[in-house]
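Participant: My file is input_16.csv. It has CSV, C-alpha atoms:
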```csv
chain,number,residue,atom,x,y,z
A,28,MET,CA,-5.4,10.9,27.2
A,29,ILE,CA,-4.6,8.3,24.6
A,30,GLU,CA,-7.8,8.9,22.7
A,31,ARG,CA,-7.0,12.6,22.4
A,32,ALA,CA,-3.5,11.8,21.3
A,33,MET,CA,-4.8,9.5,18.6
A,34,GLU,CA,-7.2,12.2,17.4
A,35,LEU,CA,-4.5,14.8,17.3
A,36,LEU,CA,-2.1,12.5,15.5
A,37,ARG,CA,-4.7,11.8,12.8
A,38,GLN,CA,-5.1,15.6,12.4
A,39,GLY,CA,-1.3,16.0,11.8
A,40,LYS,CA,-0.8,17.8,15.1
A,41,ILE,CA,2.3,17.5,17.4
A,42,ILE,CA,1.8,15.2,20.4
A,43,PHE,CA,4.2,14.2,23.1
A,44,ILE,CA,5.2,10.8,24.3
A,45,HIS,CA,6.9,10.0,27.7
A,46,ASP,CA,8.6,6.6,27.5
A,47,SER,CA,9.0,5.5,31.1
A,48,ASP,CA,10.5,6.5,34.4
A,49,ASP,CA,12.5,3.2,34.2
A,50,ARG,CA,13.8,3.7,30.7
A,51,GLU,CA,15.2,7.0,29.2
A,52,ASN,CA,12.6,9.0,31.3
A,53,GLU,CA,12.4,11.5,28.4
A,54,VAL,CA,9.6,13.1,26.4
A,55,ASP,CA,9.6,13.2,22.6
A,56,ALA,CA,7.6,15.5,20.4
A,57,VAL,CA,5.9,13.4,17.7
A,58,ILE,CA,4.2,14.3,14.4
A,59,ARG,CA,3.2,12.6,11.2
A,60,ALA,CA,6.0,12.9,8.6
A,61,ASP,CA,3.5,13.7,5.9
A,62,TYR,CA,2.5,16.8,7.9
A,63,VAL,CA,6.0,18.2,8.4
A,64,THR,CA,6.7,21.7,7.1
A,65,PRO,CA,9.8,23.9,7.4
A,66,SER,CA,8.0,25.7,10.3
A,67,VAL,CA,7.6,22.4,12.1
A,68,ILE,CA,11.3,21.8,11.9
A,69,THR,CA,12.0,25.3,13.1
A,70,TRP,CA,9.7,24.7,16.1
A,71,MET,CA,11.5,21.5,16.9
A,72,ARG,CA,14.9,23.2,16.8
A,73,HIS,CA,13.8,26.0,19.1
A,74,ARG,CA,11.4,24.3,21.5
A,75,ALA,CA,12.6,20.7,21.5
A,76,GLY,CA,16.3,20.8,20.9
A,77,GLY,CA,17.0,17.1,20.4
A,78,LEU,CA,17.8,15.1,17.3
A,79,ILE,CA,15.1,15.3,14.6
A,80,CYS,CA,14.6,11.8,13.3
A,81,PHE,CA,12.4,10.1,10.7
A,82,VAL,CA,10.7,6.9,12.0
A,83,THR,CA,9.3,3.9,10.2
A,84,GLU,CA,8.9,0.2,10.7
A,85,ASP,CA,11.9,-2.2,10.5
A,86,SER,CA,9.9,-4.3,8.0
A,87,ILE,CA,9.5,-1.3,5.7
A,88,GLY,CA,13.1,-0.3,6.0
A,89,ARG,CA,14.2,-3.9,5.1
A,90,GLN,CA,12.1,-3.7,1.9
A,91,LEU,CA,14.1,-0.6,1.0
A,92,GLY,CA,17.3,-2.4,1.6
A,93,LEU,CA,18.0,-0.6,4.9
A,94,GLN,CA,19.8,-2.1,7.9
A,95,PHE,CA,20.5,-1.0,11.4
A,96,MET,CA,23.6,1.0,11.8
A,97,SER,CA,24.8,-1.5,14.4
A,98,GLU,CA,24.6,-4.3,11.7
A,99,MET,CA,26.5,-2.2,9.2
A,100,LEU,CA,29.2,-1.4,11.7
A,101,ARG,CA,29.6,-5.1,12.6
A,102,ASN,CA,29.8,-6.0,8.9
A,103,VAL,CA,32.8,-3.6,8.3
A,104,GLY,CA,34.8,-4.6,11.4
A,105,PHE,CA,33.7,-2.0,13.9
A,106,ASP,CA,32.2,-4.5,16.4
A,107,GLY,CA,34.0,-2.7,19.3
A,108,LEU,CA,31.8,0.4,18.7
A,109,VAL,CA,28.5,-1.5,18.9
A,110,LYS,CA,27.4,-1.3,22.5
A,111,ARG,CA,24.0,-1.0,24.2
A,112,PRO,CA,23.1,2.3,25.9
A,113,SER,CA,22.7,2.3,29.7
A,114,TYR,CA,18.9,1.7,29.4
A,115,GLY,CA,19.6,-1.6,27.6
A,116,ASP,CA,18.0,-1.5,24.2
A,117,ASP,CA,19.9,-1.8,20.9
A,118,PRO,CA,19.6,1.6,19.1
A,119,ALA,CA,17.0,2.0,16.3
A,120,PHE,CA,19.3,4.0,14.1
A,121,SER,CA,19.8,3.2,10.4
A,122,ILE,CA,21.5,5.6,8.0
A,123,TYR,CA,21.3,9.4,7.7
A,124,VAL,CA,20.0,10.8,4.4
A,125,ASN,CA,19.4,14.0,2.4
A,126,HIS,CA,17.1,14.4,-0.6
A,127,VAL,CA,19.1,15.2,-3.7
A,128,LYS,CA,17.3,18.5,-4.2
A,129,THR,CA,18.3,19.9,-0.8
A,130,ARG,CA,21.0,22.7,-0.6
A,131,THR,CA,23.0,21.5,2.4
A,132,GLY,CA,20.5,19.2,3.9
A,133,ILE,CA,20.5,20.8,7.4
A,134,ARG,CA,18.3,23.8,6.7
A,135,ASP,CA,14.7,23.6,7.9
A,136,ARG,CA,13.3,23.6,4.5
A,137,ASP,CA,15.8,20.9,3.4
A,138,ARG,CA,15.0,18.6,6.3
A,139,ALA,CA,11.3,19.1,5.7
A,140,MET,CA,11.8,18.1,2.0
A,141,THR,CA,13.8,15.0,2.9
A,142,ILE,CA,11.2,13.9,5.5
A,143,THR,CA,8.1,14.4,3.4
A,144,ARG,CA,9.6,12.6,0.4
A,145,LEU,CA,10.6,9.7,2.7
A,146,ALA,CA,7.0,9.6,3.9
A,147,GLU,CA,5.9,9.3,0.2
A,148,ILE,CA,8.3,6.4,-0.3
A,149,VAL,CA,7.0,4.6,2.8
A,150,LYS,CA,3.5,4.9,1.3
A,151,MET,CA,4.7,3.3,-1.9
A,152,VAL,CA,5.9,0.3,0.1
A,153,ILE,CA,2.6,0.1,2.0
A,154,ASP,CA,0.7,0.2,-1.3
A,155,GLY,CA,2.7,-2.7,-2.6
A,156,LYS,CA,4.9,-0.7,-5.0
A,157,VAL,CA,8.2,-1.9,-3.4
A,158,ASN,CA,10.3,-2.0,-6.6
A,159,GLU,CA,9.2,1.6,-7.5
A,160,ALA,CA,9.9,2.7,-3.9
A,161,ARG,CA,13.4,1.2,-3.9
A,162,LYS,CA,14.2,2.8,-7.2
A,163,VAL,CA,13.0,6.3,-6.1
A,164,PHE,CA,14.8,5.9,-2.8
A,165,TYR,CA,18.2,5.2,-4.3
A,166,GLU,CA,17.7,7.8,-7.1
A,167,GLU,CA,16.5,10.7,-4.9
A,168,PHE,CA,18.5,10.3,-1.7
A,169,TYR,CA,22.1,10.2,-0.7
A,170,ALA,CA,24.0,9.3,2.5
A,171,PRO,CA,25.4,10.5,4.8
A,172,GLY,CA,22.9,13.2,5.2
A,173,HIS,CA,21.2,15.2,8.0
A,174,VAL,CA,18.0,13.2,8.6
A,175,PRO,CA,18.5,10.0,10.6
A,176,ILE,CA,16.2,7.1,9.8
A,177,LEU,CA,15.0,5.1,12.8
A,178,LEU,CA,13.6,1.6,12.3
A,179,GLY,CA,11.1,0.5,14.9
A,180,ARG,CA,10.9,-3.1,16.2
A,181,VAL,CA,7.3,-3.1,17.4
A,182,GLY,CA,6.7,-5.7,20.1
A,183,ARG,CA,10.4,-6.3,20.6
A,184,ARG,CA,11.6,-2.9,21.8
A,185,PHE,CA,9.7,-0.1,23.6
A,186,GLY,CA,11.5,3.1,23.0
A,187,HIS,CA,10.0,6.3,21.6
A,188,THR,CA,10.5,4.9,18.1
A,189,GLU,CA,8.3,2.0,18.7
A,190,LEU,CA,5.8,3.9,20.9
A,191,SER,CA,5.2,6.4,18.2
A,192,LEU,CA,4.7,3.6,15.6
A,193,ILE,CA,2.3,1.8,17.9
A,194,LEU,CA,0.3,5.0,18.4
A,195,ALA,CA,0.3,5.5,14.6
A,196,LYS,CA,-1.1,2.0,14.2
A,197,LEU,CA,-3.7,2.6,16.8
A,198,SER,CA,-4.6,5.8,15.1
A,199,ASN,CA,-4.8,4.1,11.6
A,200,VAL,CA,-2.2,6.5,10.2
A,201,PRO,CA,0.9,5.7,8.1
A,202,PRO,CA,4.0,4.4,9.9
A,203,SER,CA,6.0,7.5,8.9
A,204,LEU,CA,6.7,9.8,11.8
A,205,VAL,CA,9.1,12.4,13.0
A,206,ILE,CA,10.3,12.4,16.6
A,207,VAL,CA,12.6,14.7,18.6
A,208,GLU,CA,13.7,14.8,22.3
A,209,MET,CA,12.5,17.6,24.5
A,210,LEU,CA,15.6,19.0,26.1
A,211,SER,CA,16.0,21.6,28.9
A,212,ASP,CA,18.3,24.7,29.1
A,213,ASP,CA,20.3,23.1,31.9
A,214,GLY,CA,21.8,20.4,29.8
A,215,GLY,CA,19.4,17.7,30.6
A,216,ALA,CA,16.1,16.3,29.5
A,217,MET,CA,13.1,18.6,29.9
A,218,ALA,CA,10.9,17.7,32.9
A,219,LYS,CA,7.6,16.0,32.1
A,220,GLY,CA,5.8,18.8,33.9
A,221,ASP,CA,7.4,21.5,31.7
A,222,VAL,CA,6.5,19.5,28.6
A,223,GLU,CA,2.9,19.3,29.9
A,224,ASN,CA,2.8,23.1,30.1
A,225,ILE,CA,4.1,23.4,26.5
A,226,ALA,CA,1.5,20.8,25.4
A,227,LYS,CA,-1.3,22.8,27.1
A,228,SER,CA,-0.2,26.0,25.4
A,229,LEU,CA,-0.4,24.1,22.0
A,230,GLY,CA,-3.7,22.5,22.7
A,231,THR,CA,-2.1,19.0,22.7
A,232,VAL,CA,-1.3,16.3,25.1
A,233,VAL,CA,1.5,14.2,26.7
A,234,VAL,CA,0.7,10.5,26.7
A,235,ASP,CA,2.6,7.9,28.7
A,236,GLY,CA,4.3,4.9,27.1
A,237,ASP,CA,2.6,2.5,29.5
A,238,GLU,CA,-0.8,3.7,28.4
A,239,ILE,CA,0.2,3.2,24.7
A,240,ILE,CA,1.4,-0.3,25.5
A,241,MET,CA,-1.7,-1.2,27.5
A,242,ARG,CA,-4.0,-0.1,24.6
A,243,ALA,CA,-1.8,-1.9,22.1
A,244,LYS,CA,-2.2,-5.2,24.1
A,245,VAL,CA,-6.0,-4.7,24.2
A,246,GLU,CA,-6.1,-4.2,20.5
A,247,GLY,CA,-3.8,-7.2,19.8
A,248,ILE,CA,-1.0,-5.1,18.2
A,249,ILE,CA,1.6,-6.4,20.6
A,250,ASN,CA,1.7,-9.5,22.9
A,251,SER,CA,5.1,-9.2,24.6
A,252,THR,CA,5.8,-7.1,27.6
A,253,PRO,CA,8.7,-4.6,27.9
```
Rewrite the structure of this file - the entire thing - as structure tokens.

Facilitator:
Amino acid sequence: MIERAMELLRQGKIIFIHDSDDRENEVDAVIRADYVTPSVITWMRHRAGGLICFVTEDSIGRQLGLQFMSEMLRNVGFDGLVKRPSYGDDPAFSIYVNHVKTRTGIRDRDRAMTITRLAEIVKMVIDGKVNEARKVFYEEFYAPGHVPILLGRVGRRFGHTELSLILAKLSNVPPSLVIVEMLSDDGGAMAKGDVENIAKSLGTVVVDGDEIIMRAKVEGIINSTP
């Protein structure tokens, strides 16, 4: 299943990742950020329903001057609000941004614009153009906005943020992704079986986090265990 997921991710298709029965026990839809279009955001709103987030690596975020939201809250005296969720991991959230050319920031075309430009900035960092990337980031974006940036701690945390980044690394694609939780109409998370049916209709797959982690260990991408 993971080989097919890697192939589809390279092609810019949506794939699905189930984290673990022992963690959130949720499935996220995942796509490369550089393949996001307004219609992708529309699909995510209608068929997924969760929070549409931009994902990159913590190390890249740091080079852009980003911090985790939990760090920023502690720095301004809101320590009491910084708590771990019930599944035990510190959240991956950094800031929420909009591109300056968006109208309100929330519209599908607005979020697609914000996301694809973020992907271009991440590529600048990867290409060694860090100063240019920082300059563009601070000139072209503002906060608060409508696209949350998640910073992944690969090898130290094993949520959907990190699992998507590991899969990207295995697939040799840039560490710029968009993830969104698959939610049900009854107020809970969508059952894995229901997501598998959606995946089948789209010609894509659901891959388990354990399979991603196992492959990453074999490839030497991670050494620690969740």

Participant: When you look at A:Ile148 with a cut-off of 10 Å (counting only C-alpha atoms), what residues show up, excluding the ones that are within fewer than 3 positions of it in the same chain? I need them as a ChimeraX atom specification.

Facilitator: /A:87,91,142-145,151-154,156-157,159-164,203

Participant: Taking (17.6, 18.2, 23.2) in the file's coordinates, which residues come within 6 Å, counting all atoms listed in the file, written as a list in words?

Facilitator: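 Residues found, by chain and rising number: Ala75, Gly76, Gly77, Glu208, Met209 and Leu210 of chain A.
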
Participant: Please write the residues from the selection above to a file, keeping C-alpha atoms, as a PDB file, in the coordinates of the input.

Facilitator:
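Output (result33.pdb):
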```pdb
ATOM      1  CA  ALA A  75      12.600  20.700  21.500  1.00  0.00           C
ATOM      2  CA  GLY A  76      16.300  20.800  20.900  1.00  0.00           C
ATOM      3  CA  GLY A  77      17.000  17.100  20.400  1.00  0.00           C
ATOM      4  CA  GLU A 208      13.700  14.800  22.300  1.00  0.00           C
ATOM      5  CA  MET A 209      12.500  17.600  24.500  1.00  0.00           C
ATOM      6  CA  LEU A 210      15.600  19.000  26.100  1.00  0.00           C
TER       7      LEU A 210
END
```

Participant: Pull the neighbourhood of (0.1, 18.6, 19.2) for me: all residues within 7 Å in file coordinates, counting only C-alpha atoms, as a PDB file with C-alpha atoms, keeping the file's coordinate frame.

Facilitator:
```pdb
ATOM      1  CA  LEU A  35      -4.500  14.800  17.300  1.00  0.00           C
ATOM      2  CA  LYS A  40      -0.800  17.800  15.100  1.00  0.00           C
ATOM      3  CA  ILE A  41       2.300  17.500  17.400  1.00  0.00           C
ATOM      4  CA  ILE A  42       1.800  15.200  20.400  1.00  0.00           C
ATOM      5  CA  ALA A 226       1.500  20.800  25.400  1.00  0.00           C
ATOM      6  CA  LEU A 229      -0.400  24.100  22.000  1.00  0.00           C
ATOM      7  CA  GLY A 230      -3.700  22.500  22.700  1.00  0.00           C
ATOM      8  CA  THR A 231      -2.100  19.000  22.700  1.00  0.00           C
ATOM      9  CA  VAL A 232      -1.300  16.300  25.100  1.00  0.00           C
TER      10      VAL A 232
END
```

Participant: Could you pull the residues within 9 Å of A:Arg59, counting only C-alpha atoms, minus those fewer than 5 positions along the same chain, as a list in words?

Facilitator: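 Here the answer would be Leu36, Arg37, Gln38, Gly39, Lys40, Ile41, Ala146, Ala195, Val200, Pro201, Pro202, Ser203, Leu204, Val205 and Ile206 of chain A.
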
Participant: For C-alpha atoms, I'd like the residues from the last selection saved as a PDB file, in the coordinates of the input.

Facilitator:
```pdb
ATOM      1  CA  LEU A  36      -2.100  12.500  15.500  1.00  0.00           C
ATOM      2  CA  ARG A  37      -4.700  11.800  12.800  1.00  0.00           C
ATOM      3  CA  GLN A  38      -5.100  15.600  12.400  1.00  0.00           C
ATOM      4  CA  GLY A  39      -1.300  16.000  11.800  1.00  0.00           C
ATOM      5  CA  LYS A  40      -0.800  17.800  15.100  1.00  0.00           C
ATOM      6  CA  ILE A  41       2.300  17.500  17.400  1.00  0.00           C
ATOM      7  CA  ALA A 146       7.000   9.600   3.900  1.00  0.00           C
ATOM      8  CA  ALA A 195       0.300   5.500  14.600  1.00  0.00           C
ATOM      9  CA  VAL A 200      -2.200   6.500  10.200  1.00  0.00           C
ATOM     10  CA  PRO A 201       0.900   5.700   8.100  1.00  0.00           C
ATOM     11  CA  PRO A 202       4.000   4.400   9.900  1.00  0.00           C
ATOM     12  CA  SER A 203       6.000   7.500   8.900  1.00  0.00           C
ATOM     13  CA  LEU A 204       6.700   9.800  11.800  1.00  0.00           C
ATOM     14  CA  VAL A 205       9.100  12.400  13.000  1.00  0.00           C
ATOM     15  CA  ILE A 206      10.300  12.400  16.600  1.00  0.00           C
TER      16      ILE A 206
END
```

Participant: Near A:Phe120, counting only C-alpha atoms, which residues have an atom at most 8 Å away, once you skip same-chain residues fewer than 2 positions from it, shown as a PDB file with C-alpha atoms, keeping the file's coordinate frame?

Facilitator:
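Result went into part_17.pdb, see below:
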```pdb
ATOM      1  CA  PHE A  95      20.500  -1.000  11.400  1.00  0.00           C
ATOM      2  CA  MET A  96      23.600   1.000  11.800  1.00  0.00           C
ATOM      3  CA  SER A  97      24.800  -1.500  14.400  1.00  0.00           C
ATOM      4  CA  PRO A 118      19.600   1.600  19.100  1.00  0.00           C
ATOM      5  CA  ILE A 122      21.500   5.600   8.000  1.00  0.00           C
ATOM      6  CA  PRO A 175      18.500  10.000  10.600  1.00  0.00           C
ATOM      7  CA  ILE A 176      16.200   7.100   9.800  1.00  0.00           C
ATOM      8  CA  LEU A 177      15.000   5.100  12.800  1.00  0.00           C
ATOM      9  CA  LEU A 178      13.600   1.600  12.300  1.00  0.00           C
TER      10      LEU A 178
END
```

Participant: Between atom CA of A:Cys80 and atom CA of A:Thr188, what distance in Å does the model show, to one decimal?

Facilitator: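 Rounded to one decimal, the two atoms are 9.4 Å apart.
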
Participant: Using only C-alpha atoms, pick whichever of A:Asn250, A:Gly186, A:Arg72, A:Ser121 has the shortest atom-to-atom distance to A:Asp49.

Facilitator: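 Using only C-alpha atoms, the shortest distance to A:Asp49 belongs to A:Gly186.
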
Participant: Near A:Val127, counting only C-alpha atoms, which residues have an atom at most 12 Å away, once you skip same-chain residues fewer than 5 positions from it, shown as a PDB file with C-alpha atoms, in the frame of the given file?

Facilitator:
```pdb
ATOM      1  CA  GLY A 132      20.500  19.200   3.900  1.00  0.00           C
ATOM      2  CA  ASP A 137      15.800  20.900   3.400  1.00  0.00           C
ATOM      3  CA  ARG A 138      15.000  18.600   6.300  1.00  0.00           C
ATOM      4  CA  MET A 140      11.800  18.100   2.000  1.00  0.00           C
ATOM      5  CA  THR A 141      13.800  15.000   2.900  1.00  0.00           C
ATOM      6  CA  ARG A 144       9.600  12.600   0.400  1.00  0.00           C
ATOM      7  CA  LEU A 145      10.600   9.700   2.700  1.00  0.00           C
ATOM      8  CA  VAL A 163      13.000   6.300  -6.100  1.00  0.00           C
ATOM      9  CA  PHE A 164      14.800   5.900  -2.800  1.00  0.00           C
ATOM     10  CA  TYR A 165      18.200   5.200  -4.300  1.00  0.00           C
ATOM     11  CA  GLU A 166      17.700   7.800  -7.100  1.00  0.00           C
ATOM     12  CA  GLU A 167      16.500  10.700  -4.900  1.00  0.00           C
ATOM     13  CA  PHE A 168      18.500  10.300  -1.700  1.00  0.00           C
ATOM     14  CA  TYR A 169      22.100  10.200  -0.700  1.00  0.00           C
ATOM     15  CA  ALA A 170      24.000   9.300   2.500  1.00  0.00           C
ATOM     16  CA  PRO A 171      25.400  10.500   4.800  1.00  0.00           C
ATOM     17  CA  GLY A 172      22.900  13.200   5.200  1.00  0.00           C
ATOM     18  CA  HIS A 173      21.200  15.200   8.000  1.00  0.00           C
TER      19      HIS A 173
END
```

Participant: Please compute the atom CA of A:Thr83-atom CA of A:Tyr123 distance, one decimal, in Å.

Facilitator: 13.4 Å

Participant: Find the spatial neighbours of stretch 213-217 of chain A, counting all atoms listed in the file, within a cut-off of 12 Å - ignore same-chain residues fewer than 3 positions away - and output them as a list of chain:residue names.

Facilitator: A:His45, A:Glu51, A:Asn52, A:Glu53, A:Val54, A:Asp55, A:Ala56, A:Arg74, A:Ala75, A:Gly76, A:Gly77, A:Val207, A:Glu208, A:Met209, A:Leu210, A:Gly220, A:Asp221, A:Val222, A:Glu223, A:Asn224, A:Ile225

Participant: Extract stretch 74-101 of chain A from the preceding block and save C-alpha atoms as a short mmCIF file (atom, residue, chain, number, x, y, z; two decimals), in the first residue's frame.

Facilitator:
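Okay, this is what ended up in result.cif:
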```cif
data_model
loop_
_atom_site.label_atom_id
_atom_site.label_comp_id
_atom_site.auth_asym_id
_atom_site.auth_seq_id
_atom_site.Cartn_x
_atom_site.Cartn_y
_atom_site.Cartn_z
CA ARG A 74 -15.72 15.72 1.64
CA ALA A 75 -13.24 16.03 4.52
CA GLY A 76 -14.59 18.79 6.75
CA GLY A 77 -11.64 19.23 9.10
CA LEU A 78 -9.08 22.00 9.43
CA ILE A 79 -7.15 22.60 6.20
CA CYS A 80 -3.49 23.03 7.19
CA PHE A 81 -0.17 23.69 5.49
CA VAL A 82 2.62 21.37 6.64
CA THR A 83 6.38 21.74 6.50
CA GLU A 84 9.37 20.73 8.62
CA ASP A 85 10.24 22.46 11.87
CA SER A 86 13.77 23.12 10.59
CA ILE A 87 12.39 24.99 7.57
CA GLY A 88 9.97 26.97 9.70
CA ARG A 89 12.81 28.02 12.00
CA GLN A 90 14.77 29.38 9.05
CA LEU A 91 11.75 31.54 8.24
CA GLY A 92 11.64 32.76 11.84
CA LEU A 93 8.60 30.69 12.80
CA GLN A 94 7.98 29.19 16.22
CA PHE A 95 5.38 26.84 17.62
CA MET A 96 2.27 28.57 18.89
CA SER A 97 2.89 26.97 22.29
CA GLU A 98 6.28 28.71 22.47
CA MET A 99 4.80 32.06 21.54
CA LEU A 100 2.03 31.72 24.13
CA ARG A 101 4.56 30.93 26.85
#
```
